[in-house]
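Peer 1: File structure.tsv follows (TSV, C-alpha atoms):
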```
chain	number	residue	atom	x	y	z
V	1	MET	CA	27.81	34.62	21.76
V	2	GLU	CA	25.12	34.76	19.07
V	3	HIS	CA	22.68	31.88	19.34
V	4	THR	CA	22.26	30.64	15.77
V	5	ASN	CA	20.52	27.35	15.03
V	6	ILE	CA	23.45	25.22	13.97
V	7	PHE	CA	21.11	22.19	13.66
V	8	GLN	CA	18.76	23.71	11.08
V	9	LYS	CA	19.79	21.10	8.46
V	10	SER	CA	20.09	18.21	10.92
V	11	LYS	CA	17.51	15.71	12.17
V	12	TRP	CA	17.22	13.77	15.38
V	13	VAL	CA	18.27	10.14	14.88
V	14	TRP	CA	17.59	7.15	17.11
V	15	GLU	CA	16.52	3.53	16.93
V	16	HIS	CA	12.87	2.91	16.06
V	17	LYS	CA	11.90	1.69	19.52
V	18	GLU	CA	12.09	4.04	22.51
V	19	ARG	CA	13.39	2.17	25.55
V	20	LYS	CA	14.28	3.54	28.97
V	21	ASN	CA	17.88	3.08	30.08
V	22	SER	CA	18.89	2.35	26.49
V	23	TYR	CA	22.17	2.77	24.60
V	24	VAL	CA	22.53	3.63	20.92
V	25	GLY	CA	25.45	4.30	18.58
V	26	ALA	CA	25.11	6.67	15.61
V	27	TYR	CA	27.71	6.08	12.88
V	28	LYS	CA	28.79	7.95	9.75
V	29	LYS	CA	31.72	7.27	7.44
V	30	LEU	CA	33.15	10.66	6.45
V	31	LEU	CA	35.19	10.67	3.23
V	32	LEU	CA	37.70	13.52	2.82
V	33	ASN	CA	39.40	13.87	-0.56
V	34	SER	CA	42.15	15.99	1.00
V	35	SER	CA	43.69	16.56	4.40
V	36	PRO	CA	41.41	18.61	6.68
V	37	GLU	CA	42.15	22.30	7.11
V	38	LYS	CA	39.48	23.20	9.68
V	39	ILE	CA	36.49	20.97	10.48
V	40	THR	CA	34.13	21.21	13.44
V	41	ILE	CA	31.30	19.10	14.79
V	42	SER	CA	28.37	20.38	16.84
V	43	LEU	CA	26.22	17.82	18.62
V	44	PHE	CA	23.70	17.16	21.34
V	45	ALA	CA	22.03	14.04	22.71
V	46	ASP	CA	19.23	13.33	25.11
V	47	THR	CA	20.42	12.25	27.63
V	48	HIS	CA	24.22	11.70	27.43
V	49	TYR	CA	26.78	11.15	24.66
V	50	LYS	CA	30.42	10.23	24.09
V	51	LEU	CA	32.07	11.27	20.81
V	52	TYR	CA	34.66	9.09	19.03
V	53	LEU	CA	36.59	9.85	15.86
V	54	ASN	CA	38.49	7.00	14.21
V	55	GLY	CA	38.14	5.05	17.45
V	56	GLN	CA	39.63	7.85	19.56
V	57	PHE	CA	37.68	9.43	22.42
V	58	VAL	CA	37.13	13.18	21.92
V	59	ASN	CA	34.77	14.32	24.68
V	60	ALA	CA	31.47	13.72	26.45
V	61	GLY	CA	28.36	15.77	27.14
V	62	PRO	CA	26.05	17.56	26.99
V	63	ALA	CA	26.01	20.24	29.66
V	64	PRO	CA	23.03	20.07	32.03
V	65	PHE	CA	19.95	21.21	30.12
V	66	ALA	CA	16.23	21.79	30.45
V	67	LYS	CA	14.20	21.72	27.26
V	68	PRO	CA	13.08	23.77	25.34
V	69	ILE	CA	16.70	25.04	25.59
V	70	ILE	CA	19.54	22.73	24.53
V	71	MET	CA	23.29	23.24	24.18
V	72	ALA	CA	25.14	22.56	20.93
V	73	ASP	CA	28.61	21.36	21.97
V	74	THR	CA	31.09	22.38	19.27
V	75	TYR	CA	34.51	20.73	18.87
V	76	ASP	CA	37.37	21.40	16.49
V	77	ILE	CA	37.96	17.85	15.22
V	78	THR	CA	40.66	18.69	12.66
V	79	PRO	CA	43.45	16.85	14.58
V	80	PHE	CA	41.38	13.64	14.69
V	81	LEU	CA	40.70	13.42	10.94
V	82	LYS	CA	42.75	12.39	7.92
V	83	LYS	CA	42.53	12.21	4.14
V	84	GLY	CA	40.33	9.27	3.10
V	85	ASN	CA	37.71	7.48	5.20
V	86	ASN	CA	37.00	8.60	8.75
V	87	ASP	CA	34.73	6.92	11.32
V	88	ILE	CA	32.37	9.29	13.14
V	89	PHE	CA	30.71	7.53	16.09
V	90	ILE	CA	28.42	9.01	18.74
V	91	PHE	CA	27.60	6.69	21.64
V	92	ALA	CA	24.50	7.86	23.51
V	93	HIS	CA	22.56	6.83	26.60
V	94	PHE	CA	18.88	7.66	27.09
V	95	LEU	CA	17.66	7.61	30.70
V	96	GLY	CA	13.97	7.49	29.86
V	97	VAL	CA	12.93	8.52	33.38
V	98	THR	CA	12.79	11.80	35.26
V	99	VAL	CA	15.61	12.29	37.77
V	100	LYS	CA	16.96	15.24	39.71
V	101	TYR	CA	19.00	16.62	36.81
V	102	ASN	CA	16.82	15.63	33.83
V	103	LYS	CA	13.14	15.60	32.85
V	104	VAL	CA	12.14	12.69	30.66
V	105	ASP	CA	11.51	13.42	26.97
V	106	HIS	CA	12.07	11.68	23.63
V	107	PRO	CA	15.56	10.27	22.97
V	108	GLY	CA	17.73	11.49	20.12
V	109	ILE	CA	21.15	12.38	18.73
V	110	ILE	CA	21.58	15.44	16.54
V	111	ALA	CA	24.81	16.65	14.94
V	112	SER	CA	26.24	18.94	12.29
V	113	ILE	CA	29.72	18.62	10.72
V	114	ASN	CA	31.11	21.58	8.78
V	115	GLY	CA	34.48	22.72	7.51
V	116	ILE	CA	36.95	22.80	4.66
V	117	CYS	CA	39.82	20.63	3.40
V	118	GLN	CA	43.24	21.85	2.31
V	119	ASN	CA	42.20	21.66	-1.36
V	120	LYS	CA	39.34	24.06	-0.45
V	121	THR	CA	36.67	21.36	-0.73
V	122	LYS	CA	33.82	22.12	1.65
V	123	VAL	CA	32.65	19.53	4.17
V	124	ALA	CA	29.01	19.44	5.28
V	125	GLU	CA	27.35	16.43	6.93
V	126	TYR	CA	24.18	16.34	9.03
V	127	THR	CA	22.49	13.60	11.02
V	128	GLY	CA	19.65	12.04	9.05
V	129	VAL	CA	18.78	9.02	6.92
V	130	SER	CA	22.36	8.67	5.62
V	131	TRP	CA	23.59	7.76	9.12
V	132	GLN	CA	23.55	4.27	10.60
V	133	ILE	CA	22.09	3.36	13.98
V	134	PHE	CA	23.35	0.55	16.21
V	135	PRO	CA	21.11	-0.40	19.16
V	136	ILE	CA	23.72	-1.34	21.78
V	137	LYS	CA	22.04	-4.05	23.85
V	138	ALA	CA	25.06	-5.06	25.89
V	139	TRP	CA	23.71	-2.99	28.80
V	140	THR	CA	20.89	-4.53	30.84
V	141	GLU	CA	17.82	-2.29	30.73
V	142	ASN	CA	16.00	-3.41	33.87
V	143	THR	CA	18.61	-2.53	36.48
V	144	PRO	CA	17.72	-0.67	39.69
V	145	LYS	CA	18.24	3.06	39.97
V	146	LYS	CA	21.04	4.28	42.21
V	147	ASN	CA	18.53	6.39	44.13
V	148	TRP	CA	15.55	8.66	43.42
V	149	ALA	CA	17.76	11.46	42.09
V	150	LEU	CA	20.23	9.53	39.95
V	151	GLY	CA	20.19	7.13	37.03
V	152	PHE	CA	20.55	3.38	36.72
V	153	ILE	CA	23.23	0.97	37.90
V	154	GLU	CA	25.23	-0.27	34.91
V	155	GLU	CA	25.35	-3.98	34.11
V	156	VAL	CA	27.22	-4.90	30.93
V	157	ASP	CA	27.45	-8.18	29.01
V	158	LEU	CA	30.89	-8.12	27.39
V	159	ASN	CA	29.94	-11.09	25.22
V	160	SER	CA	27.03	-9.28	23.59
V	161	SER	CA	27.32	-9.08	19.81
V	162	SER	CA	26.55	-5.36	19.88
V	163	TYR	CA	29.51	-4.75	22.20
V	164	ALA	CA	31.71	-5.50	19.18
V	165	VAL	CA	30.46	-2.24	17.63
V	166	LEU	CA	32.04	-0.32	20.50
V	167	GLN	CA	35.26	-2.30	20.13
V	168	ALA	CA	35.49	-1.17	16.52
V	169	TYR	CA	34.28	2.44	16.65
V	170	ALA	CA	35.00	3.43	20.26
V	171	THR	CA	38.27	1.55	20.45
V	172	GLU	CA	40.09	3.75	22.93
V	173	ASP	CA	37.58	3.01	25.70
V	174	TYR	CA	36.11	-0.35	24.68
V	175	GLY	CA	38.74	-1.96	22.46
V	176	ASP	CA	40.10	-5.44	22.92
V	177	PRO	CA	43.22	-5.53	25.16
V	178	ASP	CA	45.01	-7.38	22.35
V	179	ASN	CA	43.94	-4.70	19.83
V	180	LYS	CA	41.89	-7.23	17.88
V	181	LYS	CA	39.09	-5.33	16.16
V	182	PRO	CA	36.06	-7.38	15.12
V	183	PRO	CA	35.37	-7.43	11.38
V	184	VAL	CA	33.03	-4.57	10.43
V	185	ALA	CA	31.28	-6.82	7.90
V	186	GLU	CA	29.61	-8.63	10.80
V	187	PHE	CA	27.77	-5.46	11.81
V	188	ALA	CA	25.24	-5.72	8.96
V	189	LYS	CA	22.86	-7.72	11.14
V	190	LEU	CA	23.15	-5.18	13.99
V	191	VAL	CA	22.61	-1.93	12.06
V	192	GLU	CA	19.31	-0.28	11.22
V	193	THR	CA	18.21	2.86	9.40
V	194	PRO	CA	17.55	5.66	11.86
V	195	LYS	CA	14.20	6.91	13.00
V	196	CYS	CA	14.39	10.59	12.06
V	197	ARG	CA	12.43	13.59	13.24
V	198	GLN	CA	12.75	17.36	12.99
V	199	LEU	CA	14.51	19.45	15.62
V	200	GLY	CA	11.20	20.88	16.81
V	201	ASN	CA	10.51	24.09	18.67
V	202	LEU	CA	13.75	24.20	20.63
V	203	THR	CA	16.21	27.01	21.32
V	204	VAL	CA	19.78	25.98	20.47
V	205	ARG	CA	22.63	27.70	22.30
V	206	ASN	CA	26.18	27.28	21.03
V	207	ARG	CA	28.79	26.08	23.51
V	208	ILE	CA	32.48	25.97	22.57
V	209	VAL	CA	34.05	23.06	24.43
V	210	PRO	CA	37.81	22.92	25.08
V	211	TYR	CA	39.77	19.71	24.76
V	212	LEU	CA	40.22	17.60	27.85
V	213	ARG	CA	43.74	17.86	29.25
V	214	TRP	CA	45.38	14.96	31.01
V	215	GLU	CA	48.21	15.39	33.50
V	216	LYS	CA	50.10	12.60	35.18
V	217	GLU	CA	50.10	12.80	38.96
V	218	GLU	CA	51.59	10.48	41.51
V	219	PRO	CA	48.93	9.36	44.01
V	220	MET	CA	49.35	10.59	47.56
V	221	VAL	CA	50.18	7.80	50.00
V	222	ILE	CA	48.66	8.42	53.42
V	223	LYS	CA	51.05	7.47	56.20
V	224	GLU	CA	49.37	8.97	59.27
V	225	ILE	CA	45.89	10.13	60.25
V	226	PHE	CA	45.34	12.55	63.13
V	227	ARG	CA	41.85	12.82	64.62
V	228	ASP	CA	40.99	15.36	67.33
V	229	ASN	CA	37.27	14.55	67.51
V	230	PRO	CA	36.09	11.00	68.27
V	231	LYS	CA	32.59	11.57	66.86
V	232	VAL	CA	31.64	10.14	63.48
V	233	TYR	CA	29.23	12.13	61.30
V	234	LEU	CA	27.42	10.55	58.32
V	235	LEU	CA	30.10	7.97	57.75
V	236	ASN	CA	28.41	6.62	54.61
V	237	ASP	CA	28.23	10.03	52.95
V	238	THR	CA	31.65	11.49	53.66
V	239	ILE	CA	35.07	10.78	52.26
V	240	ARG	CA	36.87	11.98	55.39
V	241	LEU	CA	35.61	12.32	58.93
V	242	ASP	CA	35.19	15.75	60.47
V	243	ASN	CA	38.24	17.04	62.30
V	244	GLU	CA	40.47	14.54	60.54
V	245	TYR	CA	43.85	15.57	59.16
V	246	LEU	CA	46.04	13.67	56.76
V	247	GLN	CA	49.81	13.56	56.84
V	248	PRO	CA	51.27	12.43	53.46
```
Could you write out this file's structure as structure tokens?
Peer 2:
Amino acid sequence: MEHTNIFQKSKWVWEHKERKNSYVGAYKKLLLNSSPEKITISLFADTHYKLYLNGQFVNAGPAPFAKPIIMADTYDITPFLKKGNNDIFIFAHFLGVTVKYNKVDHPGIIASINGICQNKTKVAEYTGVSWQIFPIKAWTENTPKKNWALGFIEEVDLNSSSYAVLQAYATEDYGDPDNKKPPVAEFAKLVETPKCRQLGNLTVRNRIVPYLRWEKEEPMVIKEIFRDNPKVYLLNDTIRLDNEYLQP
């Protein structure tokens, strides 16, 4: 696949303060004057992101990376959009420390939305000053790391005012069980204009990501366990003991 810079018109966006183990939401209201014909979004975040469209979870990423090379995850978001206003929400987590799978750098979300509506109107939106940033402070920053190679233990305050942002814009995963969305008007005191910066001297590689597919499976009920070796090896690190056989 040809590696074109799909982010050439986009800027990194983040909150103004860089904090380790921090969570940020980037929001854009996308107005379509006709039903979408074909619209895609390409995005990347340092360190992790989850993408939501109109409250619905689309996918998560990015693929493992090592700067100066990053992956632009591209999704066909046509089925998630409609004529009128659409909520684009990217929920990102910045580790802020070096671990086994990531070397610490500056945080940021970068995205590009392109396509066409059924009335042939072109759609082009890029992360920048027109986006809104929500520092999500429901997660405790100063939690211990899981171990030297992995990230932090998660500790969440469900009563945090910023958690309401996730209830509204990432509803499928964080919505109220009674489907009671908090009023968006209350978010004015939580939002800030983004800190923007240029892409920088990075190589962007395009990565087409398929939709997640969910299949219902009945869990296996274990009725009998046969063990032909009485020794136990690394009990804390294994799911099943050596020489152990399961009979469903």
Peer 1: Would you list the contacts of region 134-147 of chain V as a ChimeraX atom specification, taking every protein, DNA or RNA residue within 7 Å and counting all atoms listed in the file, but skipping same-chain residues closer than 2 positions in sequence?
Peer 2: /V:15,21-26,132,149-158,160,162-163,190-192
Peer 1: Filtering to C-alpha atoms, could you give me those residues as a compact mmCIF listing (two decimals), keeping the file's coordinate frame?
Peer 2:
```
# COMPACT_ATOMS: atom_id res chain seq x y z
CA GLU V 15 16.52 3.53 16.93
CA ASN V 21 17.88 3.08 30.08
CA SER V 22 18.89 2.35 26.49
CA TYR V 23 22.17 2.77 24.60
CA VAL V 24 22.53 3.63 20.92
CA GLY V 25 25.45 4.30 18.58
CA ALA V 26 25.11 6.67 15.61
CA GLN V 132 23.55 4.27 10.60
CA ALA V 149 17.76 11.46 42.09
CA LEU V 150 20.23 9.53 39.95
CA GLY V 151 20.19 7.13 37.03
CA PHE V 152 20.55 3.38 36.72
CA ILE V 153 23.23 0.97 37.90
CA GLU V 154 25.23 -0.27 34.91
CA GLU V 155 25.35 -3.98 34.11
CA VAL V 156 27.22 -4.90 30.93
CA ASP V 157 27.45 -8.18 29.01
CA LEU V 158 30.89 -8.12 27.39
CA SER V 160 27.03 -9.28 23.59
CA SER V 162 26.55 -5.36 19.88
CA TYR V 163 29.51 -4.75 22.20
CA LEU V 190 23.15 -5.18 13.99
CA VAL V 191 22.61 -1.93 12.06
CA GLU V 192 19.31 -0.28 11.22
```
Peer 1: Quote the spacing between CA of Ile88 (chain V) and CA of Gln56 (chain V) in Å to one decimal place.
Peer 2: 9.8 Å
Peer 1: If we count only C-alpha atoms, what is near Ala72 (chain V) at a cut-off of 8 Å, once residues fewer than 5 positions away on the same chain are taken out, given as a PyMOL selection string?
Peer 2: chain V and resi 6+42-44+62+204-207
Peer 1: Do a neighbour search on region 36-38 of chain V at 6 Å with only C-alpha atoms, toss out local chain neighbours closer than 5 positions, and write the hits as an MDAnalysis selection string.
Peer 2: chainID V and resid 78 115:118
Peer 1: What lies within 12 Å of Leu199 (chain V) using all atoms listed in the file, ignoring chain neighbours under 4 positions off, as an mmCIF file with C-alpha atoms, in the frame of the given file?
Peer 2:
```cif
data_model
loop_
_atom_site.group_PDB
_atom_site.id
_atom_site.type_symbol
_atom_site.label_atom_id
_atom_site.label_comp_id
_atom_site.auth_asym_id
_atom_site.auth_seq_id
_atom_site.Cartn_x
_atom_site.Cartn_y
_atom_site.Cartn_z
ATOM 1 C CA ASN V 5 20.520 27.350 15.030
ATOM 2 C CA ILE V 6 23.450 25.220 13.970
ATOM 3 C CA PHE V 7 21.110 22.190 13.660
ATOM 4 C CA GLN V 8 18.760 23.710 11.080
ATOM 5 C CA LYS V 9 19.790 21.100 8.460
ATOM 6 C CA SER V 10 20.090 18.210 10.920
ATOM 7 C CA LYS V 11 17.510 15.710 12.170
ATOM 8 C CA TRP V 12 17.220 13.770 15.380
ATOM 9 C CA VAL V 13 18.270 10.140 14.880
ATOM 10 C CA PHE V 44 23.700 17.160 21.340
ATOM 11 C CA ALA V 45 22.030 14.040 22.710
ATOM 12 C CA LYS V 67 14.200 21.720 27.260
ATOM 13 C CA PRO V 68 13.080 23.770 25.340
ATOM 14 C CA ILE V 69 16.700 25.040 25.590
ATOM 15 C CA ILE V 70 19.540 22.730 24.530
ATOM 16 C CA HIS V 106 12.070 11.680 23.630
ATOM 17 C CA PRO V 107 15.560 10.270 22.970
ATOM 18 C CA GLY V 108 17.730 11.490 20.120
ATOM 19 C CA ILE V 109 21.150 12.380 18.730
ATOM 20 C CA ILE V 110 21.580 15.440 16.540
ATOM 21 C CA ALA V 111 24.810 16.650 14.940
ATOM 22 C CA THR V 127 22.490 13.600 11.020
ATOM 23 C CA GLY V 128 19.650 12.040 9.050
ATOM 24 C CA THR V 203 16.210 27.010 21.320
ATOM 25 C CA VAL V 204 19.780 25.980 20.470
#
```
Peer 1: Work out how far apart CA of Lys17 (chain V) and CA of Tyr174 (chain V) are and give it in Å to one decimal.
Peer 2: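 If I compute the distance from CA of Lys17 (chain V) to CA of Tyr174 (chain V), I get 24.8 Å.
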Peer 1: Between CA of Met71 (chain V) and CA of Ile41 (chain V), what is the distance, to one decimal in Å?
Peer 2: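 It comes out at 13.0 Å.
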Peer 1: Pick out the closest residue to Phe91 (chain V) from this set: V:Ala60, V:Leu30, V:Ala188, V:Leu202. Count only C-alpha atoms.
Peer 2: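 Checking each candidate against Phe91 (chain V), we get V:Ala60 as the closest.
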Peer 1: Identify, on the basis of all atoms listed in the file, every residue whose closest approach to Ala124 (chain V) does not exceed 8 Å; exclude the query and any residue fewer than 3 positions from it along the same chain; express the result as a ChimeraX atom specification.
Peer 2: /V:112-115
Peer 1: Residues proximal to (15.8, 7.8, 27.9) were defined as those with any atom within 8 Å of that point in the file's coordinates, counting all atoms listed in the file. Which are they, as a PyMOL selection string?
Peer 2: chain V and resi 18-22+46-47+93-97+104-107
Peer 1: Go through V:Trp14, V:Phe89, V:Tyr75, V:Tyr27 and flag the residue nearest Pro194 (chain V), using all atoms listed in the file for the distances.
Peer 2: V:Trp14
Peer 1: As JSON, please: the centre and edge lengths in Å, to one decimal, of an axis-aligned box enclosing every listed atom of region 62-69 of chain V with 8 Å added on each side.
Peer 2:
```
{"center_x": 19.6, "center_y": 21.3, "center_z": 28.7, "size_x": 29.0, "size_y": 23.5, "size_z": 22.7}
```
